[in-house]
Amino acid sequence: MGKIDEMSVNAIRILAADSVQKANSGHPGLPLGCAAMAYELWANHMKHNPKNPKWVNRDRFVLSAGHGSTLLYSLLHLFGYGNLSIEDLAQFRQEDSLTPGHPEYGHTIGVEATTGPLGAGMGMSVGMAMAEAHLSSIFNKEGFPIVDHYTYVLGGDGCMMEGITSEVLSLAGTLGLSKLIVFYDSNNITIEGSTDIAFTEDVEKRMQAFGFQTIVVEDGNDLEGIGKAIQAAKGETNKPSFIIVKTQIGYGCPAKQCQASAHGEPLGVENVAALKENLGWEKQDAFYVPDAVYHHYKKIAEKKAEDETTWNGLFLAYCEKYPEMKTLWQQYFDNNALTDLLNKEEFWAYADKADATRNLSGIMINRIKDILPNFIGGSADLAPSNKTNMKDAGDFSKSNYSGRNIHYGVREIGMAAIGNGLALHGGLKTFVGTFFVFSDYVKPMARLASLMELPVTYVLTHDSIGVGEDGPTHEPIEQLAMLRAMPNFTVFRPADATETCAAWYYAITSAKTPTALVLSRQNLPQLKGASKEALKGGYVLADSNKAVPDGIIIASGSEVELAVNAKVELAKENIDVRVVSMPSIDVFEEQSDEYKESVLPKAVRGRVAVEAASDFGWGKYVGLDGAYVTMKGFGASAPAKTLFNKFGFTTENVVAVTKKVLKGN
């Protein structure tokens with residue numbers, strides 16, 4: 001290792017240690033151990049331009065072990081990303097800083113994904129690599145490798161223990177994603193101590209079984225060895241690569257090196273001083289970096305910028321030779337192409353017959369795939385049940401990366417993470433699908449989508465006890481409340497075809513919010529009064545003839561039909577109620593106070609909420625004087641009709657509950 005390289009590696013270590021010490025909080029161990037690996041990659045192998053962090057053909061780097069964020073922040077500062085300053089590093093983990101505790105996409109320039117939950121970055125990286133493979137298959141022409149970049153991801157023992165990592169890397173191996181290169185920071189230490197207490201498997205053999213090329217670098221400070229490993233990984237064109245780099249957590253700090261205490265606590269003032277002395281750092285001043293190091297990084301960054309300049313010339317020639325591909329490129333990367341769908345009759349058309357909203361969603365998916373050439377997605381081995389298959393769109397596979405139907409296998413959490421990666425990469429609109437009850441598996445990665453403001457769509461079918469004979473393990477109860485509680489996440493539970501169209505329109509036109517479409521297994525009628533007002537989240541489906549209704553019945557999905565039938569029966573007793581369809585509480589809450597009052601006037605206190613799920617969350621609409629026709633416990637195994645009767649989802653019960661409420665008012 002040359003002197004300037006050694007100083008450049010140690011600069012990463014010093015900045016990371018000083019940042020954590022100044023905050024008196026953080027994880028210095030990984031940055032100290034992985035600094036050489038990261039420097040070699042970023043300086044000598046990774047294609048990136050610090051002056052244009054969003055260059056479309058850049059290599060992606062994801063820090064799956066997000067607790068080691070000061071490694072990434074030090075790199076971004078030294079390479080000159082977004083003018084991330086020494087002052088920013090000194091504000092690590094402080095309010096409103098550009099250096100939060102874990103990397104946040106969209107907050108700090110150069111961060112490719114929000115990471116922290118271990119293994120999540122592995123999944124998102126697989127999604128990015130899949131996006132690269134798909135887009136290259138669509139756009140590349142002989143002599144014009146317009147889409148040609150790698151996805152690098154760094155994780156440690158914690159990432160390897162999390163089940164999500166096995167899910168996504170198993171799929172990556174199956175798909176032969178040769179542009180995916182995984183770095184494994186192998187230091188045999190976690191928070192509780194040696195990994196031997198809980199993790200003794202042969203990781204290399206596991207990765208070989210998944211279909212990866214595996215490469216071992218015995219010394220995490222051997223720049224030449226790391227460089228050769230990266231070159232070997234790039235040389236493998238049939239499978240992804242897994243580079244095991246044996247590192248020492250807390251490297252360079254005599255009292256902390258190879259100790260579990262280096263993982264998640266500051267080194268201590270004396271130990272930071274000892275680190276600097278041990279590394280031969282010329283000054284003890286906090287955040288000091290020699291000018292020669294900054295100059296070295298600047299020269300590298302300037303050289304990196306030439307890659308984009310070369311690509312820009314290639315892309316210009318490509319567009320001149322293939323003007324039709326230039327048009328297609330614009331379709332893929334133009335996010336404003338859908339505004340005219342609101343008034344296109346063919347988009348909203350449907351057959352006037354009873355049908356399950358999962359079937360209606362399937363029709364919409366096939367309409368959308370003809371409108372959006374970059375629409376890609378699939379299910380966790382449930383496409384026939386979720387109705388997510390796109391006809392004549394091909395299957396994404398090792399032999400056909402141009403296919404738009406993704407077969408995720410039974411990997412719900414991995415699927416959701418990959419969906420995030422597809423969206424993060426850019427150029428694609430994506431959806432994932434499973435049974436609604438398994439949103440429990442999807443939720444952690446959906447939460448990251450919400451944090452990152454990614455408009456991923458979740459197709460969640462079999463939405464209630466209507467699942468029937470599969471029983472309580474497959475009948476969602478609390479999941480609606482769970483997803484509705486998540487910030488920046490929209491849940492739609494449509495009642496018929498019109499509302500399903502509205503839900504899909506909302507999902508594909510969303511710019512910064514993920515959307516869950518919660519869909520029925522059983523057939524539902526097409527409702528008189530259903531309209532595009534569903535795009536407001538809640539609306540008056542069937543109104544009272546009175547200026548002030550006697551009461552209001554609020555329902556979503558399959559239970560809207562019950563509310564309408566109850567209104568008819570109540571009218572026979574001269575009780576005139578309003579029926580409000582509430583496909584999306586989230587969207588309804590975004591409406592003006594005036595609109596919400598027009599739908600749910602405060603003067604009408606006699607209200608009943610009807611939904612085959614938990615009543616949690618309905619209180620703000622029902623109030624102290626209202627009542628619920630909802631689930632009070634888990635479901636059971638029986639035909640759907642039997643279960644709806646058993647749990648009170650009948651016209652007679654809704655009528656009885658409404659009358660009781662109105663009598664009390």
# chains A, B, ... in the order shown; residues from 1 in each chain; ligands from 1
call {"tool": "residues_around", "arguments": {"residues": "Ser97 of chain A", "least_positions_apart": "3", "cutoff": "10 Å", "atoms": "only C-alpha atoms", "output": "ChimeraX atom specification"}}
result
/A:87-94,100-101,107-108
call {"tool": "select_by_dssp", "arguments": {"residues": "segment 261-492 of chain A", "states": "helix (DSSP H, G or I)", "output": "PyMOL selection string"}}
result
chain A and resi 261-262+269-278+291-321+323-333+339-343+345-348+357-371+383-386+412-425+436-452+465-470+472-474+479-484
call {"tool": "closest_atom_pairs", "arguments": {"of": "segment 356-437 of chain A", "to": "segment 155-169 of chain A", "cutoff": "7 Å", "atoms": "only C-alpha atoms", "output": "JSON lines"}}
result
{"residue": "A:Arg411", "atom": "CA", "partner": "A:Glu167", "partner_atom": "CA", "distance": 5.9}
{"residue": "A:Ile413", "atom": "CA", "partner": "A:Ile164", "partner_atom": "CA", "distance": 6.4}
{"residue": "A:Gly414", "atom": "CA", "partner": "A:Val168", "partner_atom": "CA", "distance": 5.3}
call {"tool": "residues_around", "arguments": {"residues": "segment 614-627 of chain A", "least_positions_apart": "6", "cutoff": "7 Å", "atoms": "only C-alpha atoms", "output": "JSON, numbers by chain"}}
result
{"A": [477, 478, 481, 605, 606, 607, 608, 661]}
call {"tool": "select_by_dssp", "arguments": {"residues": "segment 538-623 of chain A", "states": "strand (DSSP E or B)", "output": "list in words"}}
result
Tyr539, Val540, Leu541, Ala542, Gly551, Ile552, Ile553, Ile554, Ala555, Val577, Arg578, Val579, Val580, Ser581, Arg607, Val608, Ala609 and Val610 of chain A
call {"tool": "write_last_selection", "arguments": {"atoms": "N, CA and C atoms", "output": "compact mmCIF listing (two decimals), in the first residue's frame"}}
result
# COMPACT_ATOMS: atom_id res chain seq x y z
N TYR A 539 -66.46 8.85 0.28
CA TYR A 539 -67.45 9.66 -0.41
C TYR A 539 -68.84 9.10 -0.14
N VAL A 540 -69.84 9.90 -0.46
CA VAL A 540 -71.22 9.48 -0.25
C VAL A 540 -71.63 8.58 -1.41
N LEU A 541 -71.82 7.32 -1.12
CA LEU A 541 -72.22 6.36 -2.15
C LEU A 541 -73.73 6.37 -2.35
N ALA A 542 -74.46 6.39 -1.25
CA ALA A 542 -75.94 6.41 -1.30
C ALA A 542 -76.41 7.36 -0.20
N GLY A 551 -78.74 8.80 10.22
CA GLY A 551 -77.50 8.18 10.66
C GLY A 551 -76.59 7.95 9.47
N ILE A 552 -75.40 7.48 9.73
CA ILE A 552 -74.43 7.22 8.67
C ILE A 552 -73.82 5.83 8.89
N ILE A 553 -73.82 5.03 7.83
CA ILE A 553 -73.12 3.75 7.86
C ILE A 553 -71.88 3.90 6.97
N ILE A 554 -70.73 3.61 7.56
CA ILE A 554 -69.45 3.74 6.86
C ILE A 554 -68.87 2.35 6.66
N ALA A 555 -68.42 2.05 5.45
CA ALA A 555 -67.89 0.71 5.20
C ALA A 555 -66.81 0.77 4.13
N VAL A 577 -80.81 6.67 6.21
CA VAL A 577 -79.39 6.83 6.53
C VAL A 577 -78.57 7.11 5.27
N ARG A 578 -77.40 7.62 5.49
CA ARG A 578 -76.42 7.83 4.43
C ARG A 578 -75.41 6.69 4.46
N VAL A 579 -75.00 6.22 3.28
CA VAL A 579 -73.94 5.22 3.19
C VAL A 579 -72.69 5.89 2.63
N VAL A 580 -71.61 5.78 3.38
CA VAL A 580 -70.32 6.32 2.96
C VAL A 580 -69.38 5.16 2.66
N SER A 581 -68.88 5.13 1.44
CA SER A 581 -67.85 4.16 1.09
C SER A 581 -66.50 4.79 1.43
N ARG A 607 -73.58 6.81 14.10
CA ARG A 607 -72.75 6.26 13.04
C ARG A 607 -72.38 4.81 13.34
N VAL A 608 -72.25 4.03 12.27
CA VAL A 608 -71.85 2.63 12.40
C VAL A 608 -70.76 2.35 11.36
N ALA A 609 -69.65 1.77 11.80
CA ALA A 609 -68.59 1.34 10.90
C ALA A 609 -68.72 -0.16 10.65
N VAL A 610 -68.64 -0.56 9.39
CA VAL A 610 -68.79 -1.97 9.03
C VAL A 610 -67.56 -2.39 8.23
call {"tool": "atom_distance", "arguments": {"atom1": "atom CA of His67 of chain A", "atom2": "atom CA of Ile189 of chain A"}}
result
14.1 Å
call {"tool": "closest_atom_pairs", "arguments": {"of": "segment 292-363 of chain A", "to": "segment 118-142 of chain A", "cutoff": "10 Å", "atoms": "only C-alpha atoms", "output": "Markdown table"}}
result
| residue | atom | partner | partner_atom | distance |
| --- | --- | --- | --- | --- |
| A:Tyr318 | CA | A:Lys141 | CA | 8.5 |
| A:Tyr322 | CA | A:Lys141 | CA | 9.3 |
| A:Met325 | CA | A:Phe139 | CA | 7.0 |
| A:Lys326 | CA | A:Phe139 | CA | 9.3 |
| A:Leu328 | CA | A:Phe139 | CA | 8.7 |
| A:Trp329 | CA | A:Phe139 | CA | 7.9 |
| A:Tyr332 | CA | A:Leu135 | CA | 9.4 |
call {"tool": "atom_distance", "arguments": {"atom1": "atom CA of Gly173 of chain A", "atom2": "atom CA of Leu71 of chain A"}}
result
28.0 Å
call {"tool": "closest_atom_pairs", "arguments": {"of": "segment 142-188 of chain A", "to": "segment 233-245 of chain A", "cutoff": "7 Å", "atoms": "only C-alpha atoms", "output": "CSV"}}
result
residue,atom,partner,partner_atom,distance
A:Gly173,CA,A:Pro240,CA,6.4
A:Gly176,CA,A:Lys239,CA,4.3
A:Leu177,CA,A:Pro240,CA,5.1
A:Ser178,CA,A:Pro240,CA,4.1
A:Lys179,CA,A:Pro240,CA,6.4
A:Leu180,CA,A:Pro240,CA,5.2
A:Ile181,CA,A:Ser241,CA,4.9
A:Val182,CA,A:Phe242,CA,4.8
A:Phe183,CA,A:Ile243,CA,4.9
A:Tyr184,CA,A:Ile244,CA,4.8
A:Asp185,CA,A:Val245,CA,5.5
A:Ser186,CA,A:Val245,CA,5.8
call {"tool": "closest_atom_pairs", "arguments": {"of": "segment 543-568 of chain A", "to": "segment 637-652 of chain A", "cutoff": "9 Å", "atoms": "only C-alpha atoms", "output": "Markdown table"}}
result
| residue | atom | partner | partner_atom | distance |
| --- | --- | --- | --- | --- |
| A:Glu559 | CA | A:Phe649 | CA | 7.7 |
| A:Glu561 | CA | A:Thr651 | CA | 9.0 |
| A:Leu562 | CA | A:Thr651 | CA | 5.5 |
| A:Ala563 | CA | A:Thr651 | CA | 7.4 |
| A:Val564 | CA | A:Thr651 | CA | 8.8 |
| A:Asn565 | CA | A:Thr651 | CA | 6.2 |
| A:Ala566 | CA | A:Thr651 | CA | 5.3 |
call {"tool": "closest_atom_pairs", "arguments": {"of": "segment 399-509 of chain A", "to": "segment 518-521 of chain A", "cutoff": "7 Å", "atoms": "only C-alpha atoms", "output": "tab-separated table"}}
result
residue	atom	partner	partner_atom	distance
A:Phe436	CA	A:Val518	CA	6.8
A:Val459	CA	A:Val518	CA	6.7
A:Leu460	CA	A:Val518	CA	4.9
A:Thr461	CA	A:Leu519	CA	4.5
A:His462	CA	A:Arg521	CA	4.7
A:Asp463	CA	A:Ser520	CA	5.2
A:Gly466	CA	A:Arg521	CA	6.7
A:Val467	CA	A:Arg521	CA	6.5
A:Phe492	CA	A:Val518	CA	6.0
A:Arg493	CA	A:Val518	CA	4.7
A:Pro494	CA	A:Leu519	CA	6.9
